[in-house]
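Pasted below: entry-v9.tsv, TSV, C-alpha atoms.
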```
chain	number	residue	atom	x	y	z
O	959	MET	CA	45.79	-108.97	-43.71
O	960	ALA	CA	47.33	-105.56	-43.52
O	961	ALA	CA	44.26	-104.03	-41.86
O	962	SER	CA	42.70	-103.92	-38.41
O	963	PRO	CA	40.10	-106.51	-37.37
O	964	ALA	CA	37.52	-103.69	-37.44
O	965	GLN	CA	38.37	-102.96	-41.10
O	966	VAL	CA	38.11	-106.64	-42.03
O	967	PHE	CA	34.85	-107.07	-40.12
O	968	ALA	CA	33.41	-104.01	-41.88
O	969	ALA	CA	33.82	-105.84	-45.21
O	970	MET	CA	31.89	-108.78	-43.74
O	971	ARG	CA	29.09	-106.69	-42.23
O	972	ASP	CA	28.15	-104.62	-45.31
O	973	PRO	CA	26.15	-106.63	-47.89
O	974	ALA	CA	27.25	-104.36	-50.76
O	975	ARG	CA	30.86	-105.12	-49.92
O	976	VAL	CA	30.18	-108.85	-49.38
O	977	ALA	CA	28.64	-108.97	-52.86
O	978	ARG	CA	31.98	-107.78	-54.29
O	979	TRP	CA	34.27	-110.27	-52.53
O	980	TRP	CA	32.32	-113.42	-51.67
O	981	GLY	CA	33.11	-116.56	-53.64
O	982	PRO	CA	35.80	-117.85	-55.96
O	983	ALA	CA	37.48	-115.76	-58.64
O	984	GLY	CA	35.20	-114.85	-61.52
O	985	PHE	CA	31.97	-115.09	-59.52
O	986	ARG	CA	29.66	-112.18	-58.81
O	987	ASN	CA	26.77	-112.07	-56.38
O	988	THR	CA	23.26	-110.78	-55.98
O	989	ILE	CA	22.33	-110.53	-52.31
O	990	HIS	CA	18.60	-110.77	-51.70
O	991	THR	CA	18.52	-110.85	-47.87
O	992	TYR	CA	21.32	-110.08	-45.42
O	993	GLU	CA	20.05	-110.05	-41.82
O	994	PHE	CA	23.37	-109.57	-40.05
O	995	VAL	CA	22.33	-110.77	-36.59
O	996	PRO	CA	22.59	-114.21	-34.95
O	997	GLY	CA	19.74	-116.26	-36.39
O	998	GLY	CA	19.41	-113.89	-39.38
O	999	ARG	CA	18.99	-115.16	-42.93
O	1000	TRP	CA	21.39	-114.65	-45.81
O	1001	LEU	CA	19.95	-115.36	-49.24
O	1002	MET	CA	21.97	-114.74	-52.37
O	1003	THR	CA	22.58	-115.95	-55.88
O	1004	MET	CA	26.15	-116.55	-56.96
O	1005	HIS	CA	26.65	-116.03	-60.69
O	1006	GLY	CA	29.43	-118.19	-62.12
O	1007	PRO	CA	31.80	-117.08	-64.85
O	1008	ASP	CA	30.07	-119.53	-67.21
O	1009	GLY	CA	26.70	-117.82	-66.64
O	1010	SER	CA	25.34	-120.46	-64.24
O	1011	ASP	CA	23.39	-119.27	-61.20
O	1012	TYR	CA	23.85	-120.85	-57.78
O	1013	PRO	CA	21.18	-119.97	-55.19
O	1014	ASN	CA	22.57	-119.97	-51.63
O	1015	GLU	CA	20.87	-119.92	-48.27
O	1016	SER	CA	22.72	-119.44	-45.01
O	1017	ARG	CA	21.95	-118.49	-41.43
O	1018	PHE	CA	24.18	-116.34	-39.25
O	1019	THR	CA	24.94	-118.34	-36.12
O	1020	ARG	CA	27.52	-116.26	-34.23
O	1021	LEU	CA	28.68	-112.71	-34.80
O	1022	VAL	CA	31.10	-110.86	-32.55
O	1023	PRO	CA	32.08	-107.44	-33.88
O	1024	ASP	CA	35.71	-107.32	-35.04
O	1025	GLN	CA	36.28	-110.93	-33.87
O	1026	LEU	CA	33.98	-113.61	-35.28
O	1027	PHE	CA	31.74	-114.27	-38.30
O	1028	GLU	CA	30.00	-117.66	-38.41
O	1029	ILE	CA	27.33	-119.02	-40.73
O	1030	GLU	CA	25.53	-122.28	-41.31
O	1031	HIS	CA	25.22	-122.90	-45.05
O	1032	LEU	CA	21.82	-124.52	-45.51
O	1033	GLY	CA	21.33	-124.94	-49.25
O	1034	GLY	CA	23.09	-127.59	-51.31
O	1035	HIS	CA	26.25	-128.54	-49.45
O	1036	HIS	CA	25.61	-128.20	-45.72
O	1037	PHE	CA	28.53	-126.84	-43.67
O	1038	MET	CA	29.49	-124.44	-40.91
O	1039	LEU	CA	31.89	-121.62	-41.77
O	1040	THR	CA	33.73	-119.81	-39.00
O	1041	LEU	CA	36.00	-116.82	-39.63
O	1042	GLU	CA	37.98	-115.66	-36.61
O	1043	LEU	CA	39.80	-112.31	-36.65
O	1044	MET	CA	42.82	-111.92	-34.38
O	1045	VAL	CA	45.06	-108.89	-33.90
O	1046	HIS	CA	48.46	-109.48	-35.47
O	1047	ALA	CA	51.56	-107.28	-35.65
O	1048	GLN	CA	50.91	-106.56	-39.34
O	1049	GLY	CA	47.13	-106.15	-38.93
O	1050	THR	CA	44.78	-109.13	-38.74
O	1051	GLN	CA	45.29	-112.85	-38.75
O	1052	LEU	CA	42.20	-114.56	-40.14
O	1053	ALA	CA	41.42	-118.19	-39.31
O	1054	TRP	CA	39.01	-119.73	-41.86
O	1055	ARG	CA	37.38	-123.00	-40.75
O	1056	GLN	CA	34.81	-124.85	-42.84
O	1057	THR	CA	33.24	-127.90	-41.19
O	1058	PHE	CA	31.23	-130.46	-43.15
O	1059	ASP	CA	28.81	-133.03	-41.75
O	1060	THR	CA	30.88	-136.09	-42.62
O	1061	PRO	CA	34.46	-136.87	-43.64
O	1062	GLU	CA	33.11	-138.26	-46.92
O	1063	HIS	CA	31.36	-134.99	-47.73
O	1064	TYR	CA	34.56	-133.08	-47.01
O	1065	ARG	CA	36.72	-135.44	-49.11
O	1066	ALA	CA	34.35	-135.09	-52.08
O	1067	LEU	CA	34.82	-131.30	-52.04
O	1068	ALA	CA	38.27	-130.85	-50.49
O	1069	GLU	CA	40.21	-130.00	-53.64
O	1070	PHE	CA	37.62	-127.51	-54.92
O	1071	VAL	CA	37.10	-125.95	-51.48
O	1072	ALA	CA	40.83	-125.39	-50.91
O	1073	VAL	CA	41.23	-123.46	-54.17
O	1074	ALA	CA	37.91	-121.61	-53.87
O	1075	ASN	CA	38.60	-120.52	-50.28
O	1076	GLU	CA	42.06	-119.17	-51.22
O	1077	GLN	CA	40.45	-117.14	-53.99
O	1078	ASN	CA	37.74	-115.97	-51.58
O	1079	LEU	CA	40.38	-114.79	-49.09
O	1080	ASP	CA	42.26	-112.98	-51.86
O	1081	ARG	CA	39.06	-111.20	-52.86
O	1082	LEU	CA	38.36	-110.27	-49.22
O	1083	ALA	CA	41.86	-108.81	-48.87
O	1084	THR	CA	41.33	-106.76	-52.04
O	1085	GLU	CA	37.99	-105.47	-50.74
O	1086	VAL	CA	39.46	-104.57	-47.35
O	1087	ALA	CA	42.26	-102.67	-49.07
O	1088	ARG	CA	39.70	-100.76	-51.18
O	1089	GLY	CA	37.90	-99.62	-48.05
O	1090	THR	CA	34.37	-98.33	-47.67
O	1091	ASP	CA	34.54	-95.86	-50.57
O	1092	ALA	CA	34.61	-98.56	-53.26
O	1093	VAL	CA	31.58	-98.75	-55.55
```
Kindly present the structure from the file in structure tokens form.
Amino acid sequence: MAASPAQVFAAMRDPARVARWWGPAGFRNTIHTYEFVPGGRWLMTMHGPDGSDYPNESRFTRLVPDQLFEIEHLGGHHFMLTLELMVHAQGTQLAWRQTFDTPEHYRALAEFVAVANEQNLDRLATEVARGTDAV
């Protein structure tokens, strides 16, 4: 991403900004709770483009300012999601790692997850480029 790790992390730390970029293309979010500390809860409803609502519950497991964002997704599909931010010549290299409980669980979702995560990263990049003044 053509932004500093601090700029990328800022888009992960602010629930109003997370609501704009989290999820696949066409989704919007209502964030109910966003306790951005290790052990804190994150409750939200994702609203699909078809009008379906998807309640989500996660717990922040590790947070290192400007370096690491990690959650355990507790509702529905259980997984760990780790986003690592590393300084790169053009800004920030972001490593996105999603770990499921079993290989079978991963295989059942792999195709959807690959596409959805690419869209999620695209939305994050757009939000980072908009900066903190976006409404």
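In this comparison, which uses all atoms listed in the file, the residue of O:Phe994, O:Asn1078, O:Phe985, O:Gln1056 approaching Asp972 in chain O most closely is O:Phe994.
Candidate residues O:Arg1088, O:His1063, O:His1031, O:His1036 were compared for distance to Gln965 in chain O, and the nearest is O:Arg1088, using all atoms listed in the file.
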Neighbour list for His1005 in chain O as an NGL selection string, cut-off 10 Å, all atoms listed in the file, skip fewer than 2 positions in-chain: :O and (981 or 984-988 or 1002-1003 or 1007-1013)
Spatial neighbours of Glu993 in chain O, 12 Å, only C-alpha atoms, chain gap at least 4 places, as a PyMOL selection string: chain O and resi 971-973+989+997-1002+1015-1019+1021+1029
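Of note, CA of Met959 in chain O and CA of Leu1052 in chain O are spaced 7.5 Å apart.
One finds CA of Glu1085 in chain O at 13.6 Å from CA of Pro982 in chain O.
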For Met1004 in chain O, the nearest of the candidates O:Ala977, O:Val1071, O:Val966, O:Leu1082, counting all atoms listed in the file: O:Ala977
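The space separating CA of Val1045 in chain O from CA of Ser962 in chain O comes to 7.1 Å.
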Residue nearest Pro1061 in chain O - candidates O:Glu1042, O:Val995, O:Phe1037, O:Gln1048, atoms counted: all atoms listed in the file: O:Phe1037
Pick from O:Ala1066, O:Ala964, O:Leu1039, O:Met970, whichever lies nearest to Trp1054 in chain O using all atoms listed in the file: O:Leu1039
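In terms of minimum interatomic distance to Trp979 in chain O, O:Leu1079 ranks closest within O:Val1022, O:Ala1068, O:Leu1079, O:Ala1047, counting only C-alpha atoms.
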Contact residues around Asp1024 in chain O with all atoms listed in the file at 7 Å, ignoring same-chain residues under 4 positions, as a list in words: Pro963, Ala964, Phe967 and Leu1043 of chain O
